[in-house]
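Worksheet for the structure shown next.
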Amino acid sequence: METTWIDKFKGLSRLPAEIRDELVSGSEIVGVPPGTQIFAPGQTADNLWLLLDGTVKVQQKSDTGREVFLYRVHAGESCVLTTACMLAFEDYAAEGTSETDVEAVAIPRKTFDDLVAKSPVFREFVFTAYSRRITDLFTLIDDIVFQRMDVRLASRLLKLADEQGVVHATHAVLGTELGTAREVISRTLSEFHRRGWIEQSRGEVYLTDRDGLERLVKSAGA
């Protein structure tokens with residue numbers, strides 16, 4: 001098996017040759033289509049996925065059915081929740097779903113445990129990614145508690161927009177992204193439309209004035 005995928009992950013390229021060989025021989029390349037549930041609450045974390053291509057969305061659902069977006073895993077990254085569950089021998093408390101076609105390296109628990117124990121470079125890679133994502137989650141908590149919804153929505157629209165300035169998401173999906181009700185999203189988007197910043201169609205939001213959205217975000221220091 002080719003080992004070139006290792007160089008796609010910052011930190012792994014420094015692995016000694018024998019550890020690289022062990023990592024490759026002890027893992028496998030997997031692929032799933034969009035909409036595949038990769039893990040769910042109550043499941044055991046058996047493999048650490050390193051994404052080669054695609055995006056995985058991680059979110060949590062409350063007892064009342066409210067869904068809260070936590071983070072996305074992109075190519076070149078690993079899932080911090082999986083890392084935490086594997087280190088603590090705990091089951092998942094959230095779900096991860098592929099948003100696109102996903103190709104990833106699946107590292108089984110045995111290989112993961114062996115390399116964390118014996119390789120300082122691999123261990124540093126795991127904990128650096130873990131600490132970085134934990135910081136992101138604290139930022140998310142800060143945004144939810146202290147940041148205005150219009151600012152949060154403007155920021156999320158700018159991040160989700162494609163090269164043509166189109167966000168492919170319903171109001172309900174945007175509500176999940178921001179941990180709020182669909183009705184709140186609808187009211188805020190209506191105000192954005194009134195200001196001339198967006199246009200809407202079914203399941204899509206068109207950014208007609210990115211500068212206006214960016215000024216709103218910058219004015220709040222987001």
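Following the order of the structure tokens, first chain is A, next is B, and so on, with residues numbered from 1 inside each chain and ligands from 1 in the order they appear.
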Let's see if you can do this: from backbone DSSP, list all strand (DSSP E or B) residues in segment 50-189 of chain A, as a PyMOL selection string. chain A and resi 50-53+55-61+67-74+78+91+95-98+102-108+166-168
Might you pull out every residue within 8 Å of Ile144 of chain A, with only C-alpha atoms counted and same-chain residues fewer than 3 positions away left off, and present them as a PyMOL selection string?
chain A and resi 140-141+147+178-179
Using only C-alpha atoms, determine which residues lie at most 8 Å from segment 199-212 of chain A, disregarding the query and same-chain residues fewer than 5 positions distant; provide the list as a ChimeraX atom specification.
/A:158,161,165-171,193
Keeping N, CA and C atoms, export the residues of the selection given above as a PDB file, in the first residue's frame.
ATOM      1  N   LEU A 158     -21.257  33.145   5.445  1.00  0.00           N
ATOM      2  CA  LEU A 158     -20.004  33.432   4.745  1.00  0.00           C
ATOM      3  C   LEU A 158     -19.117  32.193   4.672  1.00  0.00           C
ATOM      4  N   ALA A 161     -20.889  29.430   2.155  1.00  0.00           N
ATOM      5  CA  ALA A 161     -21.124  29.797   0.751  1.00  0.00           C
ATOM      6  C   ALA A 161     -20.081  29.176  -0.163  1.00  0.00           C
ATOM      7  N   GLY A 165     -21.161  32.021  -4.224  1.00  0.00           N
ATOM      8  CA  GLY A 165     -21.869  32.754  -3.191  1.00  0.00           C
ATOM      9  C   GLY A 165     -23.205  32.152  -2.825  1.00  0.00           C
ATOM     10  N   VAL A 166     -23.342  30.848  -3.003  1.00  0.00           N
ATOM     11  CA  VAL A 166     -24.601  30.166  -2.712  1.00  0.00           C
ATOM     12  C   VAL A 166     -24.418  29.237  -1.514  1.00  0.00           C
ATOM     13  N   VAL A 167     -25.343  29.334  -0.566  1.00  0.00           N
ATOM     14  CA  VAL A 167     -25.377  28.427   0.582  1.00  0.00           C
ATOM     15  C   VAL A 167     -26.488  27.418   0.335  1.00  0.00           C
ATOM     16  N   HIS A 168     -26.127  26.147   0.235  1.00  0.00           N
ATOM     17  CA  HIS A 168     -27.108  25.093  -0.023  1.00  0.00           C
ATOM     18  C   HIS A 168     -27.576  24.522   1.309  1.00  0.00           C
ATOM     19  N   ALA A 169     -28.582  25.142   1.896  1.00  0.00           N
ATOM     20  CA  ALA A 169     -29.086  24.717   3.200  1.00  0.00           C
ATOM     21  C   ALA A 169     -30.466  25.298   3.433  1.00  0.00           C
ATOM     22  N   THR A 170     -31.342  24.511   4.026  1.00  0.00           N
ATOM     23  CA  THR A 170     -32.663  24.989   4.402  1.00  0.00           C
ATOM     24  C   THR A 170     -32.572  25.798   5.696  1.00  0.00           C
ATOM     25  N   HIS A 171     -33.668  26.461   6.036  1.00  0.00           N
ATOM     26  CA  HIS A 171     -33.706  27.200   7.293  1.00  0.00           C
ATOM     27  C   HIS A 171     -33.537  26.261   8.475  1.00  0.00           C
ATOM     28  N   HIS A 193     -32.484  39.969   3.940  1.00  0.00           N
ATOM     29  CA  HIS A 193     -33.049  40.221   2.610  1.00  0.00           C
ATOM     30  C   HIS A 193     -33.501  41.676   2.501  1.00  0.00           C
TER      31      HIS A 193
END
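Rounded to one decimal, atom CA of Gly42 of chain A and atom CA of Val126 of chain A lie 22.9 Å from each other.
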